file upload_7.cif (mmCIF, C-alpha atoms)
data_entry
#
loop_
_atom_site.label_atom_id
_atom_site.label_comp_id
_atom_site.auth_asym_id
_atom_site.auth_seq_id
_atom_site.Cartn_x
_atom_site.Cartn_y
_atom_site.Cartn_z
CA MET A 1 24.37 16.52 0.53
CA ILE A 2 23.42 13.79 2.97
CA THR A 3 22.76 14.86 6.56
CA LYS A 4 22.89 12.49 9.52
CA TYR A 5 20.52 12.90 12.45
CA LYS A 6 21.04 11.22 15.80
CA TRP A 7 18.36 10.56 18.39
CA LYS A 8 18.67 9.85 22.10
CA THR A 9 15.29 8.32 22.92
CA ASN A 10 12.67 6.33 21.06
CA ASP A 11 10.28 9.28 21.31
CA GLU A 12 12.83 11.50 19.55
CA TRP A 13 13.17 8.89 16.82
CA LEU A 14 9.38 8.74 16.40
CA ASP A 15 9.19 12.54 16.17
CA LEU A 16 11.86 12.51 13.46
CA ARG A 17 10.00 9.83 11.51
CA LYS A 18 6.79 11.86 11.59
CA ALA A 19 8.50 14.68 9.74
CA TYR A 20 9.72 12.48 6.89
CA ILE A 21 8.73 9.58 4.67
CA GLY A 22 10.63 6.43 5.57
CA GLY A 23 11.61 3.45 3.48
CA SER A 24 9.07 1.13 5.09
CA GLU A 25 6.35 3.62 4.08
CA ALA A 26 7.28 3.78 0.39
CA GLY A 27 5.31 0.64 -0.49
CA SER A 28 2.12 2.10 0.97
CA ILE A 29 2.45 5.27 -1.08
CA ILE A 30 2.61 3.42 -4.39
CA GLY A 31 0.04 0.75 -3.50
CA MET A 32 2.50 -2.09 -2.96
CA ASN A 33 1.82 -2.69 0.74
CA PRO A 34 -1.11 -5.10 1.24
CA TYR A 35 -1.35 -4.17 4.93
CA LYS A 36 -1.33 -0.37 4.82
CA SER A 37 -2.76 1.92 2.14
CA ALA A 38 -1.61 5.41 1.22
CA TYR A 39 -4.80 6.76 2.78
CA THR A 40 -4.04 5.03 6.08
CA LEU A 41 -0.47 6.32 6.05
CA TRP A 42 -1.76 9.86 5.39
CA ALA A 43 -4.21 9.54 8.29
CA GLU A 44 -1.38 8.44 10.58
CA LYS A 45 0.98 11.19 9.44
CA THR A 46 -1.68 13.87 10.00
CA GLY A 47 -2.73 12.55 13.41
CA ARG A 48 -6.14 11.29 12.30
CA ALA A 49 -5.33 7.65 13.04
CA LEU A 50 -3.02 5.91 15.47
CA PRO A 51 0.19 4.60 13.90
CA PHE A 52 1.20 0.96 14.11
CA GLU A 53 3.41 0.61 17.20
CA GLY A 54 4.67 -2.91 16.63
CA ASN A 55 3.78 -6.34 17.94
CA ILE A 56 5.44 -9.60 18.92
CA THR A 57 6.30 -10.25 15.26
CA THR A 58 8.23 -6.99 14.89
CA GLU A 59 9.90 -7.56 18.27
CA VAL A 60 11.12 -10.99 17.15
CA GLY A 61 12.34 -9.47 13.88
CA ALA A 62 14.35 -6.83 15.74
CA TYR A 63 15.79 -9.47 18.05
CA LEU A 64 16.89 -11.68 15.14
CA GLU A 65 18.34 -8.83 13.07
CA GLU A 66 21.88 -9.24 14.38
CA PHE A 67 21.75 -13.00 13.82
CA VAL A 68 20.72 -12.53 10.18
CA ALA A 69 23.44 -9.92 9.69
CA LYS A 70 26.06 -12.37 11.00
CA LYS A 71 24.74 -15.10 8.71
CA PHE A 72 24.99 -12.72 5.76
CA GLU A 73 28.62 -12.01 6.63
CA HIS A 74 29.39 -15.70 7.04
CA GLU A 75 27.68 -16.79 3.80
CA THR A 76 28.90 -13.95 1.56
CA GLY A 77 32.27 -13.04 3.06
CA LYS A 78 31.19 -9.39 3.20
CA LYS A 79 31.44 -7.24 6.32
CA VAL A 80 28.65 -5.00 7.53
CA ARG A 81 28.34 -2.27 10.15
CA ARG A 82 25.48 -0.49 11.83
CA GLU A 83 24.46 2.98 10.66
CA ASN A 84 23.14 4.55 13.85
CA PHE A 85 21.84 7.67 12.15
CA MET A 86 18.80 8.80 10.26
CA LEU A 87 19.94 9.87 6.79
CA VAL A 88 18.34 12.73 4.85
CA ASN A 89 19.35 13.77 1.34
CA ASP A 90 18.95 17.36 0.11
CA LYS A 91 17.76 16.02 -3.26
CA TYR A 92 14.70 14.50 -1.55
CA PRO A 93 14.15 16.59 1.60
CA TRP A 94 10.96 14.74 2.51
CA ALA A 95 12.64 11.30 2.62
CA GLU A 96 14.70 9.64 5.35
CA ALA A 97 16.58 6.36 5.52
CA ASN A 98 17.15 4.15 8.54
CA VAL A 99 19.14 1.35 6.94
CA ASP A 100 19.75 -1.89 8.82
CA ARG A 101 23.44 -2.19 7.88
CA MET A 102 26.04 -0.64 5.60
CA VAL A 103 28.36 -2.96 3.68
CA VAL A 104 32.01 -2.19 4.46
CA GLY A 105 34.23 -1.36 1.50
CA GLU A 106 31.35 -1.31 -0.97
CA LYS A 107 28.78 1.29 -2.00
CA ALA A 108 25.97 -0.93 -0.75
CA LEU A 109 23.54 -1.44 2.11
CA LEU A 110 21.95 -4.49 3.67
CA GLU A 111 18.24 -4.76 4.40
CA ILE A 112 17.23 -7.52 6.84
CA LYS A 113 13.84 -9.23 6.99
CA THR A 114 12.30 -12.11 8.92
CA THR A 115 9.02 -13.63 7.80
CA ASN A 116 6.68 -16.56 8.40
CA SER A 117 3.94 -15.24 6.12
CA PHE A 118 2.86 -17.91 3.64
CA PRO A 119 2.53 -15.49 0.67
CA ASN A 120 5.99 -14.11 1.45
CA MET A 121 7.52 -17.57 1.85
CA LYS A 122 5.99 -18.75 -1.43
CA LYS A 123 7.33 -15.73 -3.28
CA ILE A 124 10.81 -15.96 -1.76
CA LYS A 125 11.16 -19.66 -2.50
CA GLY A 126 10.22 -18.83 -6.08
CA GLY A 127 13.20 -16.48 -6.32
CA GLU A 128 11.29 -13.23 -5.73
CA PHE A 129 10.45 -11.00 -2.78
CA PRO A 130 7.50 -8.74 -1.85
CA ASP A 131 6.98 -5.53 -3.80
CA ALA A 132 6.89 -3.46 -0.61
CA TRP A 133 10.46 -4.54 0.16
CA TYR A 134 11.51 -3.56 -3.36
CA ALA A 135 10.03 -0.09 -2.81
CA GLN A 136 11.78 0.18 0.55
CA MET A 137 15.21 -0.65 -0.86
CA THR A 138 14.69 1.65 -3.85
CA HIS A 139 13.86 4.42 -1.38
CA TYR A 140 17.06 3.72 0.56
CA LEU A 141 19.17 3.76 -2.60
CA ALA A 142 17.67 7.15 -3.48
CA VAL A 143 18.52 8.69 -0.11
CA THR A 144 21.94 7.09 0.39
CA GLU A 145 23.07 7.41 -3.27
CA LEU A 146 24.55 3.90 -3.01
CA GLU A 147 24.92 1.53 -5.95
CA ARG A 148 23.14 -1.55 -4.67
CA ALA A 149 21.09 -3.02 -1.85
CA TYR A 150 21.43 -6.55 -0.53
CA LEU A 151 18.43 -8.27 1.05
CA ALA A 152 18.80 -11.05 3.61
CA VAL A 153 15.58 -12.86 4.56
CA LEU A 154 15.15 -15.38 7.37
CA VAL A 155 12.19 -17.55 6.37
CA ASN A 156 10.25 -19.23 9.18
CA CYS A 157 13.46 -19.47 11.23
CA ARG A 158 14.58 -22.30 8.92
CA GLU A 159 16.11 -20.83 5.78
CA ILE A 160 18.02 -17.71 4.79
CA HIS A 161 17.73 -16.28 1.30
CA PHE A 162 19.81 -13.50 -0.24
CA PHE A 163 18.89 -11.07 -3.02
CA THR A 164 20.65 -8.18 -4.75
CA LEU A 165 19.00 -5.03 -6.06
CA GLU A 166 21.08 -2.80 -8.35
CA ARG A 167 20.48 0.94 -8.49
CA ASP A 168 17.97 1.92 -11.18
CA GLU A 169 17.70 5.67 -11.76
CA GLU A 170 14.36 5.48 -13.58
CA GLU A 171 12.79 3.48 -10.78
CA ILE A 172 14.23 5.85 -8.18
CA GLN A 173 12.90 8.95 -9.91
CA ALA A 174 9.46 7.40 -10.39
CA LEU A 175 9.26 6.51 -6.70
CA MET A 176 10.53 9.89 -5.55
CA GLU A 177 7.91 11.68 -7.67
CA GLN A 178 5.17 9.61 -6.05
CA GLU A 179 6.55 10.31 -2.59
CA LYS A 180 6.83 14.04 -3.29
CA ARG A 181 3.20 14.10 -4.41
CA PHE A 182 2.12 12.20 -1.30
CA LYS A 183 4.08 14.53 0.99
CA HIS A 184 2.13 17.43 -0.52
CA TYR A 185 -1.08 15.84 0.80
CA ILE A 186 0.44 15.80 4.28
CA ASP A 187 1.82 19.34 4.15
CA THR A 188 -1.46 20.81 2.86
CA ASP A 189 -3.66 18.56 5.01
CA ALA A 190 -5.49 17.56 1.83
CA GLU A 191 -7.15 14.15 1.67
CA PRO A 192 -5.53 11.76 -0.85
CA PRO A 193 -7.60 9.54 -3.16
CA VAL A 194 -9.65 6.90 -1.36
CA ASP A 195 -9.19 3.26 -2.41
CA GLY A 196 -11.11 0.08 -1.67
CA SER A 197 -8.53 -1.67 0.53
CA ASP A 198 -9.34 -3.14 3.94
CA SER A 199 -6.71 -0.79 5.36
CA THR A 200 -8.59 2.29 4.15
CA THR A 201 -11.93 0.84 5.25
CA ASP A 202 -10.62 0.28 8.78
CA THR A 203 -8.99 3.72 8.89
CA ILE A 204 -12.18 5.54 7.91
CA ALA A 205 -14.05 3.58 10.58
CA GLU A 206 -11.40 4.61 13.11
CA MET A 207 -11.55 8.26 12.06
CA TYR A 208 -15.35 8.46 12.24
CA PRO A 209 -16.52 5.92 14.85
CA ASP A 210 -19.75 7.79 15.74
CA ASP A 211 -22.44 9.60 13.80
CA ASN A 212 -23.49 13.09 14.94
CA GLY A 213 -27.07 12.92 13.71
CA THR A 214 -26.62 15.54 10.97
CA THR A 215 -27.37 15.32 7.24
CA VAL A 216 -24.93 16.28 4.48
CA SER A 217 -25.53 16.92 0.78
CA LEU A 218 -24.27 14.14 -1.49
CA ILE A 219 -24.69 16.16 -4.67
CA GLY A 220 -21.56 15.42 -6.68
CA TYR A 221 -21.54 11.79 -5.53
CA GLU A 222 -24.55 10.69 -7.60
CA ASN A 223 -22.34 8.68 -9.96
CA ASP A 224 -20.64 6.86 -7.07
CA LEU A 225 -24.00 6.08 -5.46
CA ARG A 226 -25.41 4.75 -8.74
CA GLN A 227 -22.32 2.64 -9.39
CA TYR A 228 -22.47 1.24 -5.85
CA LEU A 229 -26.08 0.09 -6.34
CA ASP A 230 -25.33 -1.33 -9.81
CA ILE A 231 -22.25 -3.20 -8.56
CA THR A 232 -24.18 -4.54 -5.56
CA GLN A 233 -26.90 -5.88 -7.85
CA ASN A 234 -24.32 -7.41 -10.19
CA ILE A 235 -22.69 -9.16 -7.25
CA ARG A 236 -26.06 -10.58 -6.20
CA ASP A 237 -26.72 -11.79 -9.73
CA LEU A 238 -23.28 -13.38 -9.99
CA GLU A 239 -23.64 -15.04 -6.58
CA ALA A 240 -26.97 -16.51 -7.65
CA LEU A 241 -25.43 -17.73 -10.89
CA LYS A 242 -22.50 -19.25 -8.98
CA LYS A 243 -24.87 -21.12 -6.67
CA GLU A 244 -26.84 -22.36 -9.67
CA LYS A 245 -23.71 -23.87 -11.23
CA ILE A 246 -22.66 -25.46 -7.92
CA ASN A 247 -26.12 -26.91 -7.32
CA LYS A 248 -26.22 -28.31 -10.86
CA ILE A 249 -22.96 -30.19 -10.24
CA LYS A 250 -24.00 -31.32 -6.74
CA ALA A 251 -27.31 -32.67 -8.04
CA PHE A 252 -25.44 -34.75 -10.61
CA MET A 253 -22.82 -35.99 -8.11
CA GLY A 254 -25.42 -37.07 -5.58
CA ALA A 255 -23.73 -39.05 -2.80
CA ALA A 256 -20.38 -39.22 -4.62
CA GLU A 257 -17.43 -37.73 -2.74
CA ASN A 258 -15.32 -36.98 -5.82
CA GLY A 259 -15.96 -35.89 -9.37
CA GLU A 260 -13.49 -35.69 -12.22
CA SER A 261 -13.29 -34.50 -15.81
CA ASP A 262 -10.41 -34.01 -18.20
CA ASN A 263 -9.61 -30.57 -16.75
CA PHE A 264 -11.21 -30.46 -13.30
CA LYS A 265 -11.53 -32.35 -10.05
CA CYS A 266 -14.28 -31.71 -7.49
CA THR A 267 -14.71 -32.95 -3.93
CA TRP A 268 -17.90 -32.91 -1.86
CA LYS A 269 -16.92 -34.37 1.48
CA THR A 270 -18.94 -34.90 4.63
CA GLY A 271 -17.79 -32.90 7.64
CA ASN A 272 -18.92 -32.17 11.19
CA ARG A 273 -19.06 -28.91 13.10
CA ASN A 274 -19.85 -28.33 16.75
CA SER A 275 -21.38 -25.07 17.92
CA PHE A 276 -22.54 -23.82 21.32
CA ASP A 277 -26.32 -23.38 21.60
CA VAL A 278 -26.59 -20.35 23.87
CA LYS A 279 -30.39 -20.30 23.82
CA ALA A 280 -30.70 -23.93 24.90
CA PHE A 281 -28.04 -23.50 27.60
CA THR A 282 -29.84 -20.45 29.03
CA GLN A 283 -33.12 -22.33 29.14
CA ASP A 284 -31.51 -25.27 30.96
CA HIS A 285 -29.51 -23.03 33.34
CA PRO A 286 -31.60 -19.87 33.93
CA ASP A 287 -29.67 -18.97 37.09
CA ILE A 288 -26.33 -18.57 35.31
CA ASP A 289 -25.59 -15.05 34.09
CA LEU A 290 -23.74 -15.13 30.76
CA SER A 291 -23.72 -11.37 30.18
CA GLY A 292 -20.09 -11.08 31.22
CA TYR A 293 -19.07 -13.41 28.39
CA TYR A 294 -20.56 -11.39 25.56
CA LYS A 295 -18.19 -9.10 23.70
CA GLN A 296 -19.79 -5.82 22.72
CA SER A 297 -18.54 -3.81 19.77
CA GLN A 298 -19.71 -0.59 18.17
CA TYR A 299 -20.11 -0.13 14.44
CA ARG A 300 -21.84 2.07 11.91
CA THR A 301 -24.10 0.52 9.27
CA PHE A 302 -23.92 1.97 5.75
CA ARG A 303 -26.93 1.66 3.40
CA ILE A 304 -28.00 3.29 0.16
CA ASN A 305 -31.67 3.47 -0.87
CA GLU A 306 -32.76 4.94 -4.16
CA ARG A 307 -35.46 7.54 -3.91
CA LYS A 308 -38.62 6.76 -5.88
#
call {"tool": "encode", "arguments": {"input": "upload_7.cif", "output": "structure tokens"}}
result
Amino acid sequence: MITKYKWKTNDEWLDLRKAYIGGSEAGSIIGMNPYKSAYTLWAEKTGRALPFEGNITTEVGAYLEEFVAKKFEHETGKKVRRENFMLVNDKYPWAEANVDRMVVGEKALLEIKTTNSFPNMKKIKGGEFPDAWYAQMTHYLAVTELERAYLAVLVNCREIHFFTLERDEEEIQALMEQEKRFKHYIDTDAEPPVDGSDSTTDTIAEMYPDDNGTTVSLIGYENDLRQYLDITQNIRDLEALKKEKINKIKAFMGAAENGESDNFKCTWKTGNRNSFDVKAFTQDHPDIDLSGYYKQSQYRTFRINERK
């Protein structure tokens, strides 16, 4: 059974979303969202990190949603309507769906996107769309039990592209199993696996901005510590090797701007860069206080040293 929930205020809507996993969060759970990891989503859901509250890009997307919906109707001849409810299916009680539009007279929904991201634009013009959007629409098909999802994408306010995703039961079940497992981490307040994404790195820094001066036992992490040192050394060795190869080619090219072979083309162009010499300026103008122009930030430095 599908239940519809209505909210009166934005705060009520946010409270409802906290209790469920939404379609836009599905990509993070299965590692398909390059901007938010599963660990970050878990930290937000458990109150350890502040959730993303939107920006000018999301505001513009919301503003243009109705325009894209009208263009979809005009180009396809289909009619759509708003679904002003949060949908929850008893089969997947942890999941909710806030679909952009329902397609009238058809067991289908419409997802609307606007983008000016170069990776997204490149993928869309190649006849594909981001994996996170695929996960989102699969999530919606699971909750709504509809047969297909249409995707309308406004690219850089210049082009509109349409895609169709048919219901795939195997894909739905695989996604729902992953979501159910992730929801267990939230319900039990258990930390999910940590990955190496920038999102997780930033979230951990947000969760633990200050040290408390104590010492903890790292017994059980010996393998991770050893691998970290080995990988760090390998990176140094590879960087040195990379520089050696570059220097070898540069030494041969000399003053030449371009170099070519059967399979490669190299350029070594002259450029100019201007930078502000703070030290020299301070010496020439000792009476001017520049302290108000320095931006101060706090950070924690991580180091590993092997005991001898």
call {"tool": "residues_around", "arguments": {"input": "upload_7.cif", "residues": "Leu87 of chain A", "least_positions_apart": "6", "cutoff": "6 Å", "atoms": "all atoms listed in the file", "output": "VMD selection string"}}
result
chain A and resid 3 to 4 96 to 97
call {"tool": "resolve_selection", "arguments": {"input": "upload_7.cif", "expression": "the PyMOL selection byres ((chain A and resi 123-140) around 7)", "output": "ChimeraX atom specification"}}
result
/A:23-24,26-27,32-33,97,119-122,141-144,149,172
call {"tool": "closest_atom_pairs", "arguments": {"input": "upload_7.cif", "of": "segment 150-216 of chain A", "to": "segment 56-76 of chain A", "cutoff": "12 Å", "atoms": "all atoms listed in the file", "output": "JSON lines"}}
result
{"residue": "A:Tyr150", "atom": "CA", "partner": "A:Phe72", "partner_atom": "CA", "distance": 9.5}
{"residue": "A:Leu151", "atom": "CA", "partner": "A:Phe72", "partner_atom": "CA", "distance": 9.2}
{"residue": "A:Ala152", "atom": "CA", "partner": "A:Phe72", "partner_atom": "CA", "distance": 6.8}
{"residue": "A:Val153", "atom": "CA", "partner": "A:Val68", "partner_atom": "CA", "distance": 7.6}
{"residue": "A:Leu154", "atom": "CA", "partner": "A:Val68", "partner_atom": "CA", "distance": 6.9}
{"residue": "A:Val155", "atom": "CA", "partner": "A:Val68", "partner_atom": "CA", "distance": 10.6}
{"residue": "A:Asn156", "atom": "CA", "partner": "A:Gly61", "partner_atom": "CA", "distance": 11.0}
{"residue": "A:Cys157", "atom": "CA", "partner": "A:Leu64", "partner_atom": "CA", "distance": 9.4}
{"residue": "A:Arg158", "atom": "CA", "partner": "A:Val68", "partner_atom": "CA", "distance": 11.6}
{"residue": "A:Glu159", "atom": "CA", "partner": "A:Val68", "partner_atom": "CA", "distance": 10.5}
{"residue": "A:Ile160", "atom": "CA", "partner": "A:Val68", "partner_atom": "CA", "distance": 7.9}
{"residue": "A:His161", "atom": "CA", "partner": "A:Phe72", "partner_atom": "CA", "distance": 9.2}
{"residue": "A:Phe162", "atom": "CA", "partner": "A:Phe72", "partner_atom": "CA", "distance": 8.0}
{"residue": "A:Phe163", "atom": "CA", "partner": "A:Phe72", "partner_atom": "CA", "distance": 10.8}
{"residue": "A:Thr164", "atom": "CA", "partner": "A:Thr76", "partner_atom": "CA", "distance": 11.9}
call {"tool": "write_last_selection", "arguments": {"input": "upload_7.cif", "atoms": "C-alpha atoms", "output": "JSON list (two decimals), in the coordinates of the input"}}
result
[["chain", "number", "residue", "atom", "x", "y", "z"],
["A", 150, "TYR", "CA", 21.43, -6.55, -0.53],
["A", 151, "LEU", "CA", 18.43, -8.27, 1.05],
["A", 152, "ALA", "CA", 18.80, -11.05, 3.61],
["A", 153, "VAL", "CA", 15.58, -12.86, 4.56],
["A", 154, "LEU", "CA", 15.15, -15.38, 7.37],
["A", 155, "VAL", "CA", 12.19, -17.55, 6.37],
["A", 156, "ASN", "CA", 10.25, -19.23, 9.18],
["A", 157, "CYS", "CA", 13.46, -19.47, 11.23],
["A", 158, "ARG", "CA", 14.58, -22.30, 8.92],
["A", 159, "GLU", "CA", 16.11, -20.83, 5.78],
["A", 160, "ILE", "CA", 18.02, -17.71, 4.79],
["A", 161, "HIS", "CA", 17.73, -16.28, 1.30],
["A", 162, "PHE", "CA", 19.81, -13.50, -0.24],
["A", 163, "PHE", "CA", 18.89, -11.07, -3.02],
["A", 164, "THR", "CA", 20.65, -8.18, -4.75]]
call {"tool": "resolve_selection", "arguments": {"input": "upload_7.cif", "expression": "the PyMOL selection byres ((chain A and resi 304) around 10)", "output": "VMD selection string"}}
result
chain A and resid 225 to 226 228 to 229 302 to 303 305 to 307
call {"tool": "write_last_selection", "arguments": {"input": "upload_7.cif", "atoms": "C-alpha atoms", "output": "PDB file, in the coordinates of the input"}}
result
ATOM      1  CA  LEU A 225     -24.000   6.080  -5.460  1.00  0.00           C
ATOM      2  CA  ARG A 226     -25.410   4.750  -8.740  1.00  0.00           C
ATOM      3  CA  TYR A 228     -22.470   1.240  -5.850  1.00  0.00           C
ATOM      4  CA  LEU A 229     -26.080   0.090  -6.340  1.00  0.00           C
ATOM      5  CA  PHE A 302     -23.920   1.970   5.750  1.00  0.00           C
ATOM      6  CA  ARG A 303     -26.930   1.660   3.400  1.00  0.00           C
ATOM      7  CA  ASN A 305     -31.670   3.470  -0.870  1.00  0.00           C
ATOM      8  CA  GLU A 306     -32.760   4.940  -4.160  1.00  0.00           C
ATOM      9  CA  ARG A 307     -35.460   7.540  -3.910  1.00  0.00           C
TER      10      ARG A 307
END
call {"tool": "closest_residue", "arguments": {"input": "upload_7.cif", "among": "A:Ser117, A:Asn247, A:Thr270, A:Asn98", "to": "Phe85 of chain A", "atoms": "all atoms listed in the file"}}
result
A:Asn98
call {"tool": "resolve_selection", "arguments": {"input": "upload_7.cif", "expression": "the PyMOL selection byres ((chain A and resi 13-15) around 12)", "output": "ChimeraX atom specification"}}
result
/A:5-12,16-22,45,51-53,84-86,96,98
call {"tool": "atom_distance", "arguments": {"input": "upload_7.cif", "atom1": "atom CA of Leu241 of chain A", "atom2": "atom CA of Asn223 of chain A"}}
result
26.6 Å
call {"tool": "atom_distance", "arguments": {"input": "upload_7.cif", "atom1": "atom CA of Ile112 of chain A", "atom2": "atom CA of Thr46 of chain A"}}
result
28.7 Å
call {"tool": "closest_atom_pairs", "arguments": {"input": "upload_7.cif", "of": "segment 38-88 of chain A", "to": "segment 175-188 of chain A", "cutoff": "10 Å", "atoms": "all atoms listed in the file", "output": "Markdown table"}}
result
| residue | atom | partner | partner_atom | distance |
| --- | --- | --- | --- | --- |
| A:Ala38 | CA | A:Phe182 | CA | 8.1 |
| A:Tyr39 | CA | A:Phe182 | CA | 9.7 |
| A:Leu41 | CA | A:Ile186 | CA | 9.7 |
| A:Trp42 | CA | A:Ile186 | CA | 6.4 |
| A:Ala43 | CA | A:Ile186 | CA | 8.8 |
| A:Glu44 | CA | A:Ile186 | CA | 9.9 |
| A:Lys45 | CA | A:Ile186 | CA | 6.9 |
| A:Thr46 | CA | A:Ile186 | CA | 6.4 |
call {"tool": "axis_aligned_box", "arguments": {"input": "upload_7.cif", "around": "segment 267-271 of chain A", "padding_each_side": "6 Å", "output": "lines of an AutoDock Vina configuration file"}}
result
center_x = -16.8
center_y = -33.9
center_z = 1.9
size_x = 16.2
size_y = 14.0
size_z = 23.6
call {"tool": "closest_residue", "arguments": {"input": "upload_7.cif", "among": "A:Arg300, A:Lys78, A:Lys36, A:Lys308", "to": "Tyr208 of chain A", "atoms": "only C-alpha atoms"}}
result
A:Arg300
call {"tool": "decode", "arguments": {"input": "upload_7.cif", "residues": "segment 21-35 of chain A", "atoms": "N, CA and C atoms", "output": "PDB file, in the first residue's frame"}}
result
ATOM      1  N   ILE A  21      14.533   7.695   3.544  1.00  0.00           N
ATOM      2  CA  ILE A  21      15.560   7.845   2.510  1.00  0.00           C
ATOM      3  C   ILE A  21      14.861   8.315   1.247  1.00  0.00           C
ATOM      4  N   GLY A  22      15.301   9.431   0.710  1.00  0.00           N
ATOM      5  CA  GLY A  22      14.685  10.001  -0.478  1.00  0.00           C
ATOM      6  C   GLY A  22      15.405   9.610  -1.753  1.00  0.00           C
ATOM      7  N   GLY A  23      14.755   9.866  -2.870  1.00  0.00           N
ATOM      8  CA  GLY A  23      15.324   9.497  -4.161  1.00  0.00           C
ATOM      9  C   GLY A  23      16.649  10.169  -4.449  1.00  0.00           C
ATOM     10  N   SER A  24      16.786  11.438  -4.073  1.00  0.00           N
ATOM     11  CA  SER A  24      18.030  12.155  -4.343  1.00  0.00           C
ATOM     12  C   SER A  24      19.176  11.647  -3.485  1.00  0.00           C
ATOM     13  N   GLU A  25      18.872  10.811  -2.482  1.00  0.00           N
ATOM     14  CA  GLU A  25      19.901  10.261  -1.595  1.00  0.00           C
ATOM     15  C   GLU A  25      20.343   8.861  -2.014  1.00  0.00           C
ATOM     16  N   ALA A  26      19.601   8.255  -2.933  1.00  0.00           N
ATOM     17  CA  ALA A  26      19.896   6.878  -3.345  1.00  0.00           C
ATOM     18  C   ALA A  26      21.284   6.759  -3.966  1.00  0.00           C
ATOM     19  N   GLY A  27      21.664   7.737  -4.787  1.00  0.00           N
ATOM     20  CA  GLY A  27      22.966   7.695  -5.440  1.00  0.00           C
ATOM     21  C   GLY A  27      24.114   7.700  -4.450  1.00  0.00           C
ATOM     22  N   SER A  28      23.964   8.448  -3.355  1.00  0.00           N
ATOM     23  CA  SER A  28      25.012   8.491  -2.334  1.00  0.00           C
ATOM     24  C   SER A  28      25.184   7.127  -1.674  1.00  0.00           C
ATOM     25  N   ILE A  29      24.091   6.459  -1.423  1.00  0.00           N
ATOM     26  CA  ILE A  29      24.126   5.177  -0.718  1.00  0.00           C
ATOM     27  C   ILE A  29      24.883   4.116  -1.500  1.00  0.00           C
ATOM     28  N   ILE A  30      24.758   4.133  -2.820  1.00  0.00           N
ATOM     29  CA  ILE A  30      25.423   3.112  -3.634  1.00  0.00           C
ATOM     30  C   ILE A  30      26.680   3.637  -4.322  1.00  0.00           C
ATOM     31  N   GLY A  31      27.190   4.788  -3.866  1.00  0.00           N
ATOM     32  CA  GLY A  31      28.454   5.306  -4.381  1.00  0.00           C
ATOM     33  C   GLY A  31      28.390   5.921  -5.754  1.00  0.00           C
ATOM     34  N   MET A  32      27.215   6.377  -6.167  1.00  0.00           N
ATOM     35  CA  MET A  32      27.057   6.966  -7.499  1.00  0.00           C
ATOM     36  C   MET A  32      26.957   8.494  -7.479  1.00  0.00           C
ATOM     37  N   ASN A  33      27.045   9.095  -6.305  1.00  0.00           N
ATOM     38  CA  ASN A  33      26.971  10.548  -6.203  1.00  0.00           C
ATOM     39  C   ASN A  33      28.374  11.095  -5.948  1.00  0.00           C
ATOM     40  N   PRO A  34      28.970  11.799  -6.922  1.00  0.00           N
ATOM     41  CA  PRO A  34      30.340  12.288  -6.747  1.00  0.00           C
ATOM     42  C   PRO A  34      30.449  13.421  -5.729  1.00  0.00           C
ATOM     43  N   TYR A  35      29.311  13.976  -5.306  1.00  0.00           N
ATOM     44  CA  TYR A  35      29.336  15.126  -4.400  1.00  0.00           C
ATOM     45  C   TYR A  35      29.020  14.774  -2.952  1.00  0.00           C
TER      46      TYR A  35
END
